[in-house]
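What follows is the content of my_file.cif, which has mmCIF, C-alpha atoms:
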```
data_work
#
loop_
_atom_site.label_atom_id
_atom_site.label_comp_id
_atom_site.auth_asym_id
_atom_site.auth_seq_id
_atom_site.Cartn_x
_atom_site.Cartn_y
_atom_site.Cartn_z
CA MET A 5 122.72 101.79 56.15
CA PRO A 6 120.58 104.57 54.57
CA ASP A 7 120.63 108.08 55.94
CA LEU A 8 117.93 109.25 58.33
CA THR A 9 116.11 111.26 55.65
CA SER A 10 115.73 108.18 53.44
CA LEU A 11 114.68 106.06 56.41
CA LEU A 12 111.98 108.52 57.41
CA ALA A 13 110.70 108.68 53.83
CA ASP A 14 110.41 104.88 53.82
CA LEU A 15 108.70 104.94 57.22
CA THR A 16 106.18 107.41 55.84
CA ASP A 17 105.57 105.25 52.78
CA GLU A 18 105.10 102.11 54.90
CA GLY A 19 102.51 103.87 57.03
CA ASP A 20 100.74 105.20 53.94
CA ALA A 21 100.59 101.70 52.45
CA LEU A 22 98.83 100.34 55.53
CA ASP A 23 96.62 103.43 55.69
CA ALA A 24 95.43 102.61 52.16
CA LEU A 25 94.24 99.20 53.41
CA VAL A 26 92.27 100.40 56.41
CA ALA A 27 90.97 103.83 55.37
CA PRO A 28 88.25 102.47 53.02
CA LEU A 29 86.93 99.97 55.56
CA PRO A 30 83.45 100.48 56.99
CA ALA A 31 83.36 100.93 60.75
CA ASP A 32 82.21 97.38 61.47
CA ALA A 33 85.13 95.90 59.49
CA TRP A 34 87.57 97.32 62.04
CA ALA A 35 86.30 94.57 64.37
CA THR A 36 87.59 91.85 61.98
CA PRO A 37 89.81 89.40 63.89
CA THR A 38 93.47 89.22 62.85
CA PRO A 39 95.93 86.34 63.28
CA ALA A 40 97.11 87.87 66.59
CA LYS A 41 94.94 86.20 69.22
CA GLY A 42 92.32 88.57 70.62
CA TRP A 43 93.32 91.44 68.35
CA THR A 44 91.08 92.97 65.70
CA ILE A 45 92.15 95.33 62.94
CA ALA A 46 91.35 98.16 65.35
CA HIS A 47 93.73 96.67 67.94
CA GLN A 48 96.51 96.53 65.35
CA ILE A 49 96.14 100.19 64.39
CA ALA A 50 95.64 101.23 68.01
CA HIS A 51 98.88 99.47 68.97
CA LEU A 52 100.77 101.31 66.24
CA ALA A 53 99.27 104.63 67.36
CA TRP A 54 100.12 103.85 70.99
CA THR A 55 103.72 102.93 70.16
CA ASP A 56 104.06 106.10 68.11
CA ASP A 57 103.03 108.04 71.22
CA GLN A 58 105.79 106.33 73.22
CA SER A 59 108.31 107.08 70.45
CA ILE A 60 107.38 110.76 70.40
CA ALA A 61 107.87 110.95 74.17
CA ALA A 62 111.25 109.20 73.91
CA ALA A 63 112.40 111.67 71.24
CA THR A 64 111.07 114.85 72.82
CA ASP A 65 110.56 114.45 76.58
CA GLU A 66 112.87 112.03 78.40
CA GLU A 67 111.32 112.77 81.80
CA ALA A 68 107.85 111.91 80.53
CA PHE A 69 109.20 108.77 78.89
CA ASN A 70 110.82 107.66 82.15
CA GLY A 71 107.38 107.83 83.73
CA ILE A 72 106.03 105.63 80.95
CA VAL A 73 108.80 103.08 81.57
CA ALA A 74 107.91 102.98 85.28
CA LYS A 75 104.32 102.08 84.40
CA ALA A 76 105.51 99.47 81.93
CA LEU A 77 107.75 97.80 84.52
CA ALA A 78 104.80 97.48 86.89
CA ASP A 79 102.86 95.38 84.36
CA PRO A 80 104.91 94.68 81.19
CA GLY A 81 102.38 92.50 79.37
CA GLY A 82 99.26 94.30 80.49
CA PHE A 83 100.74 97.71 79.68
CA VAL A 84 100.97 96.95 75.97
CA GLU A 85 97.62 95.15 75.86
CA ALA A 86 95.87 98.03 77.60
CA GLY A 87 97.22 100.50 75.08
CA ALA A 88 95.83 98.46 72.21
CA ALA A 89 92.50 97.76 73.92
CA ASP A 90 91.89 101.39 74.85
CA GLY A 91 92.53 102.56 71.31
CA ALA A 92 90.49 99.78 69.75
CA ALA A 93 87.48 100.88 71.78
CA ASP A 94 87.51 104.29 70.11
CA ASP A 95 85.51 105.22 67.03
CA PRO A 96 87.43 103.96 63.96
CA ALA A 97 87.45 107.39 62.33
CA ARG A 98 88.98 108.98 65.43
CA LEU A 99 91.46 106.13 65.79
CA LEU A 100 92.53 106.52 62.15
CA GLU A 101 93.05 110.26 62.58
CA ARG A 102 95.00 109.71 65.81
CA TRP A 103 97.28 107.24 64.06
CA ARG A 104 97.82 109.57 61.11
CA THR A 105 98.69 112.46 63.41
CA GLY A 106 101.10 110.31 65.41
CA ARG A 107 102.86 109.08 62.28
CA ARG A 108 103.54 112.64 61.18
CA GLN A 109 104.73 113.60 64.64
CA VAL A 110 107.11 110.64 64.88
CA VAL A 111 108.76 111.59 61.59
CA ALA A 112 109.10 115.22 62.65
CA ALA A 113 110.44 114.30 66.11
CA LEU A 114 113.04 111.87 64.78
CA ALA A 115 114.13 114.29 62.05
CA ALA A 116 114.88 116.86 64.77
CA VAL A 117 117.03 114.56 66.93
CA PRO A 118 120.66 115.80 66.94
CA ALA A 119 123.15 113.43 65.33
CA GLY A 120 124.71 111.04 67.83
CA THR A 121 121.89 111.36 70.38
CA ARG A 122 120.75 108.14 72.05
CA LEU A 123 117.03 107.95 72.75
CA PRO A 124 115.66 106.05 75.75
CA TRP A 125 113.52 103.02 75.05
CA PHE A 126 112.06 99.97 76.79
CA GLY A 127 115.23 98.11 75.83
CA PRO A 128 118.68 99.60 75.18
CA PRO A 129 118.80 103.27 74.09
CA MET A 130 118.94 103.80 70.34
CA GLY A 131 119.68 106.46 67.78
CA ALA A 132 117.02 108.15 65.67
CA ALA A 133 117.80 105.94 62.66
CA SER A 134 117.41 102.77 64.71
CA MET A 135 114.11 103.99 66.12
CA ALA A 136 112.86 104.83 62.63
CA THR A 137 113.84 101.34 61.50
CA ALA A 138 112.03 99.80 64.46
CA ARG A 139 108.88 101.82 63.72
CA LEU A 140 108.99 100.72 60.08
CA MET A 141 109.45 97.07 61.10
CA GLU A 142 106.47 97.25 63.45
CA THR A 143 104.30 99.02 60.89
CA TRP A 144 105.13 96.36 58.30
CA ALA A 145 104.57 93.46 60.72
CA HIS A 146 101.24 94.69 62.06
CA GLY A 147 100.29 95.62 58.52
CA GLN A 148 100.82 91.98 57.61
CA ASP A 149 98.30 90.99 60.28
CA VAL A 150 95.80 93.43 58.80
CA ALA A 151 96.44 92.18 55.28
CA ASP A 152 95.97 88.58 56.42
CA ALA A 153 92.71 89.49 58.13
CA LEU A 154 91.44 91.08 54.92
CA GLY A 155 92.74 88.29 52.67
CA VAL A 156 94.99 90.76 50.84
CA ARG A 157 98.40 89.91 49.39
CA ARG A 158 100.76 92.86 49.70
CA GLU A 159 103.45 93.32 47.07
CA PRO A 160 106.88 93.27 48.75
CA THR A 161 108.98 96.42 48.33
CA HIS A 162 112.55 97.60 48.88
CA ARG A 163 111.45 98.66 52.37
CA LEU A 164 111.82 95.03 53.42
CA ARG A 165 115.55 95.69 53.65
CA HIS A 166 114.97 97.71 56.82
CA VAL A 167 112.92 94.87 58.35
CA ALA A 168 115.59 92.34 57.38
CA HIS A 169 118.32 94.58 58.81
CA ILE A 170 116.72 94.77 62.23
CA GLY A 171 116.08 91.02 62.05
CA VAL A 172 119.80 90.41 61.55
CA ARG A 173 120.84 92.94 64.20
CA THR A 174 118.59 91.36 66.84
CA ARG A 175 120.14 87.89 66.50
CA ASN A 176 121.83 87.92 69.90
CA PHE A 177 118.79 89.50 71.55
CA ALA A 178 116.64 86.60 70.30
CA PHE A 179 118.97 84.14 72.03
CA ASN A 180 119.29 86.19 75.21
CA VAL A 181 115.57 86.75 75.69
CA ARG A 182 115.14 82.98 75.81
CA GLY A 183 117.97 82.48 78.25
CA LEU A 184 120.25 81.04 75.54
CA THR A 185 123.88 81.92 74.93
CA PRO A 186 124.35 83.65 71.56
CA PRO A 187 126.93 82.20 69.16
CA ASP A 188 130.33 83.86 69.24
CA ALA A 189 130.78 84.14 65.48
CA GLU A 190 128.82 86.18 62.97
CA PHE A 191 126.70 84.46 60.35
CA ARG A 192 126.53 85.29 56.67
CA VAL A 193 122.98 86.30 55.78
CA ALA A 194 122.21 86.50 52.06
CA LEU A 195 118.66 87.34 51.02
CA THR A 196 117.05 87.79 47.63
CA SER A 197 115.24 91.12 47.40
CA PRO A 198 111.86 91.56 45.70
CA ASP A 199 113.61 92.78 42.52
CA GLY A 200 116.20 89.98 42.49
CA GLU A 201 119.10 91.86 44.09
CA GLU A 202 121.13 90.12 46.80
CA TRP A 203 121.17 91.75 50.23
CA THR A 204 123.96 90.57 52.50
CA TRP A 205 125.12 90.91 56.10
CA GLY A 206 128.13 89.39 57.83
CA PRO A 207 131.46 88.13 56.51
CA ALA A 208 131.45 86.30 53.18
CA ASP A 209 133.64 83.54 54.65
CA ALA A 210 131.50 82.93 57.75
CA ALA A 211 131.32 79.28 58.76
CA GLN A 212 127.51 79.41 59.12
CA SER A 213 124.92 81.12 56.96
CA VAL A 214 121.25 81.86 56.35
CA THR A 215 119.77 82.27 52.88
CA GLY A 216 116.37 82.73 51.28
CA PRO A 217 113.89 85.29 49.98
CA ALA A 218 113.92 88.58 51.88
CA LEU A 219 110.14 88.44 52.28
CA ASP A 220 110.29 85.03 53.91
CA PHE A 221 113.08 86.10 56.25
CA CYS A 222 111.08 89.16 57.30
CA LEU A 223 107.99 87.05 57.93
CA LEU A 224 110.14 84.75 60.05
CA VAL A 225 111.87 87.34 62.23
CA THR A 226 108.59 89.20 62.87
CA GLN A 227 106.95 85.84 63.64
CA ARG A 228 104.19 86.37 61.09
CA ARG A 229 104.71 82.92 59.55
CA ASN A 230 105.95 79.60 60.85
CA ARG A 231 109.40 78.57 59.76
CA ALA A 232 107.96 75.40 58.22
CA ASP A 233 106.05 77.51 55.69
CA LEU A 234 109.02 79.59 54.55
CA ALA A 235 111.92 79.08 52.15
CA VAL A 236 114.60 80.29 54.57
CA THR A 237 117.44 77.82 55.09
CA ALA A 238 120.36 77.60 57.51
CA ASP A 239 123.80 76.10 57.03
CA GLY A 240 125.25 75.27 60.46
CA PRO A 241 123.76 74.24 63.82
CA ASP A 242 123.82 77.70 65.42
CA ALA A 243 122.27 79.34 62.37
CA ASP A 244 119.62 76.62 62.36
CA ARG A 245 118.86 77.28 66.03
CA TRP A 246 118.59 81.00 65.34
CA LEU A 247 115.84 80.45 62.80
CA ASP A 248 113.84 78.71 65.50
CA VAL A 249 114.07 81.64 67.92
CA ALA A 250 114.49 84.70 65.65
CA GLN A 251 112.65 87.76 66.95
CA ALA A 252 113.02 91.28 65.59
CA PHE A 253 110.69 92.94 68.10
CA ALA A 254 111.35 93.94 71.72
CA GLY A 255 109.79 92.21 74.68
CA PRO A 256 109.42 88.60 75.79
CA PRO A 257 109.51 85.70 73.33
CA GLY A 258 106.52 85.74 71.04
CA PRO A 259 104.25 82.70 70.64
CA GLY A 260 104.79 82.62 66.90
CA ARG A 261 102.24 81.31 64.43
CA PRO A 262 101.23 77.71 63.78
CA ALA A 263 102.41 76.02 60.61
CA GLU A 264 99.99 75.97 57.69
CA SER A 265 99.56 72.21 58.15
CA ALA A 266 98.37 72.78 61.73
CA ARG A 267 95.72 75.26 60.58
CA THR A 268 94.03 72.91 58.12
#
```
Take the structure from the file and write it as structure tokens.
Amino acid sequence: MPDLTSLLADLTDEGDALDALVAPLPADAWATPTPAKGWTIAHQIAHLAWTDDQSIAAATDEEAFNGIVAKALADPGGFVEAGAADGAADDPARLLERWRTGRRQVVAALAAVPAGTRLPWFGPPMGAASMATARLMETWAHGQDVADALGVRREPTHRLRHVAHIGVRTRNFAFNVRGLTPPDAEFRVALTSPDGEEWTWGPADAAQSVTGPALDFCLLVTQRRNRADLAVTADGPDADRWLDVAQAFAGPPGPGRPAESART
């Protein structure tokens, strides 16, 4: 696991990469629909800005964050949707500046968290490194929606390792959130990085395993592509079941995306 300084540098770079996609867009292009039903490019950026605001509160003002959690519990689904809708209604230039400011503040807030501190969140509390990883995963995933909306192919980078890591670590969560019992044993996960290196998690002698390109695995666990369209394979019944329910993000089970064959 990289140190917090490296993680925050990668989080900054991931945000900058998405910024480079949206900054040149004319105002009307922010209304372009993305693969997420009902969400435009503006919704995607507004959601990231909104979640950054929650992260800053969690890292700097626990009392304020507890108030946010109370509102979320009153309307879990609508709370997130309202945050995206409110931001998307703003002028794109103001929304872009708000997102940029929030990104800088998140990095500064997480860098200042004392070692060993657990930060409150909508799920289990987490350390600063875990929160940075989660922010990077979300930035990458929502950036994929923006790239798809614009018809842009993004070059995969070493930052995918962070997305893959949180995808592996959330295995049991993905089962639990669907009311399923997680497997007792660890899996071996072996992924091929963009530069051909092998990234691995779990014991080498595990009875069940998952293999494939790191990019495909990340698209799977963030539910940006259907499993049928990806070259991720499972060896073992529990590992196979995991690939059907994998979910790296917090909250209720996502609807996923239809297979390419269902879209044509």
Write out, as CSV, each residue of segment 180-249 of chain A that has an atom at most 8 Å from segment 151-164 of chain A, together with the closest pair of atoms and their distance in Å to one decimal, counting all atoms listed in the file, rows going by chain and rising number.
```
residue,atom,partner,partner_atom,distance
A:Ser197,CA,A:His162,CA,7.2
A:Pro198,CA,A:Pro160,CA,6.1
A:Ala218,CA,A:Leu164,CA,7.0
A:Leu219,CA,A:Pro160,CA,6.8
A:Cys222,CA,A:Leu164,CA,7.1
```
Kindly export the residues of the current selection with C-alpha atoms, as a PDB file, keeping the file's coordinate frame.
```pdb
ATOM      1  CA  SER A 197     115.240  91.120  47.400  1.00  0.00           C
ATOM      2  CA  PRO A 198     111.860  91.560  45.700  1.00  0.00           C
ATOM      3  CA  ALA A 218     113.920  88.580  51.880  1.00  0.00           C
ATOM      4  CA  LEU A 219     110.140  88.440  52.280  1.00  0.00           C
ATOM      5  CA  CYS A 222     111.080  89.160  57.300  1.00  0.00           C
TER       6      CYS A 222
END
```
message = Here is a test: counting all atoms listed in the file, which residue of A:Gln227, A:Thr55, A:Gln251, A:Ser265 is nearest to Thr143 of chain A?
response =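 Residue with the minimum atom-to-atom distance to Thr143 of chain A: A:Thr55.
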I need the output of the PyMOL selection byres ((chain A and resi 204-212) around 6) for this file as a PDB file with C-alpha atoms, in the frame of the given file; which residues are they?
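Written file, part.pdb:
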```pdb
ATOM      1  CA  PHE A 191     126.700  84.460  60.350  1.00  0.00           C
ATOM      2  CA  ARG A 192     126.530  85.290  56.670  1.00  0.00           C
ATOM      3  CA  VAL A 193     122.980  86.300  55.780  1.00  0.00           C
ATOM      4  CA  ALA A 194     122.210  86.500  52.060  1.00  0.00           C
ATOM      5  CA  TRP A 203     121.170  91.750  50.230  1.00  0.00           C
ATOM      6  CA  SER A 213     124.920  81.120  56.960  1.00  0.00           C
ATOM      7  CA  ASP A 239     123.800  76.100  57.030  1.00  0.00           C
ATOM      8  CA  GLY A 240     125.250  75.270  60.460  1.00  0.00           C
TER       9      GLY A 240
END
```
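Using all atoms listed in the file for every distance, the candidate list A:Ala97, A:Ala33, A:Val84, A:Leu114 yields A:Leu114 as the residue closest to Ala63 of chain A.
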task = Find the distance between atom CA of Ala112 of chain A and atom CA of Thr174 of chain A and write it in Å to one decimal.
result =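 Spanning atom CA of Ala112 of chain A to atom CA of Thr174 of chain A is a straight-line distance of 26.0 Å.
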query = Can you list, as a list in words, every protein, DNA or RNA residue that comes within 7 Å of segment 118-131 of chain A when you count only C-alpha atoms, leaving out same-chain residues fewer than 4 positions away?
reply =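 Listed by chain and then number, they are Ala62, Ala63, Val73 and Met135 of chain A.
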task = Quote the spacing between atom CA of Arg245 of chain A and atom CA of Thr185 of chain A in Å to one decimal place.
result = 11.2 Å
Spatial sel., origin (117.5, 79.0, 53.5), limit 6 Å, all atoms listed in the file, listed as a ChimeraX atom specification = /A:214-216,235-238
Write the residues of the selection above to a file with C-alpha atoms, as a PDB file, in the frame of the given file.
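The result, stored in out19.pdb:
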```pdb
ATOM      1  CA  VAL A 214     121.250  81.860  56.350  1.00  0.00           C
ATOM      2  CA  THR A 215     119.770  82.270  52.880  1.00  0.00           C
ATOM      3  CA  GLY A 216     116.370  82.730  51.280  1.00  0.00           C
ATOM      4  CA  ALA A 235     111.920  79.080  52.150  1.00  0.00           C
ATOM      5  CA  VAL A 236     114.600  80.290  54.570  1.00  0.00           C
ATOM      6  CA  THR A 237     117.440  77.820  55.090  1.00  0.00           C
ATOM      7  CA  ALA A 238     120.360  77.600  57.510  1.00  0.00           C
TER       8      ALA A 238
END
```
Residue neighbourhood Ala178 of chain A, 12 Å, only C-alpha atoms, exclusion window fewer than 4 positions, as a PyMOL selection string = chain A and resi 170-174+182-187+225-227+245-258
May I have the selected residues written with C-alpha atoms, as a tab-separated table (two decimals), keeping the file's coordinate frame?
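Output file part20.tsv follows:
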```tsv
chain	number	residue	atom	x	y	z
A	170	ILE	CA	116.72	94.77	62.23
A	171	GLY	CA	116.08	91.02	62.05
A	172	VAL	CA	119.80	90.41	61.55
A	173	ARG	CA	120.84	92.94	64.20
A	174	THR	CA	118.59	91.36	66.84
A	182	ARG	CA	115.14	82.98	75.81
A	183	GLY	CA	117.97	82.48	78.25
A	184	LEU	CA	120.25	81.04	75.54
A	185	THR	CA	123.88	81.92	74.93
A	186	PRO	CA	124.35	83.65	71.56
A	187	PRO	CA	126.93	82.20	69.16
A	225	VAL	CA	111.87	87.34	62.23
A	226	THR	CA	108.59	89.20	62.87
A	227	GLN	CA	106.95	85.84	63.64
A	245	ARG	CA	118.86	77.28	66.03
A	246	TRP	CA	118.59	81.00	65.34
A	247	LEU	CA	115.84	80.45	62.80
A	248	ASP	CA	113.84	78.71	65.50
A	249	VAL	CA	114.07	81.64	67.92
A	250	ALA	CA	114.49	84.70	65.65
A	251	GLN	CA	112.65	87.76	66.95
A	252	ALA	CA	113.02	91.28	65.59
A	253	PHE	CA	110.69	92.94	68.10
A	254	ALA	CA	111.35	93.94	71.72
A	255	GLY	CA	109.79	92.21	74.68
A	256	PRO	CA	109.42	88.60	75.79
A	257	PRO	CA	109.51	85.70	73.33
A	258	GLY	CA	106.52	85.74	71.04
```
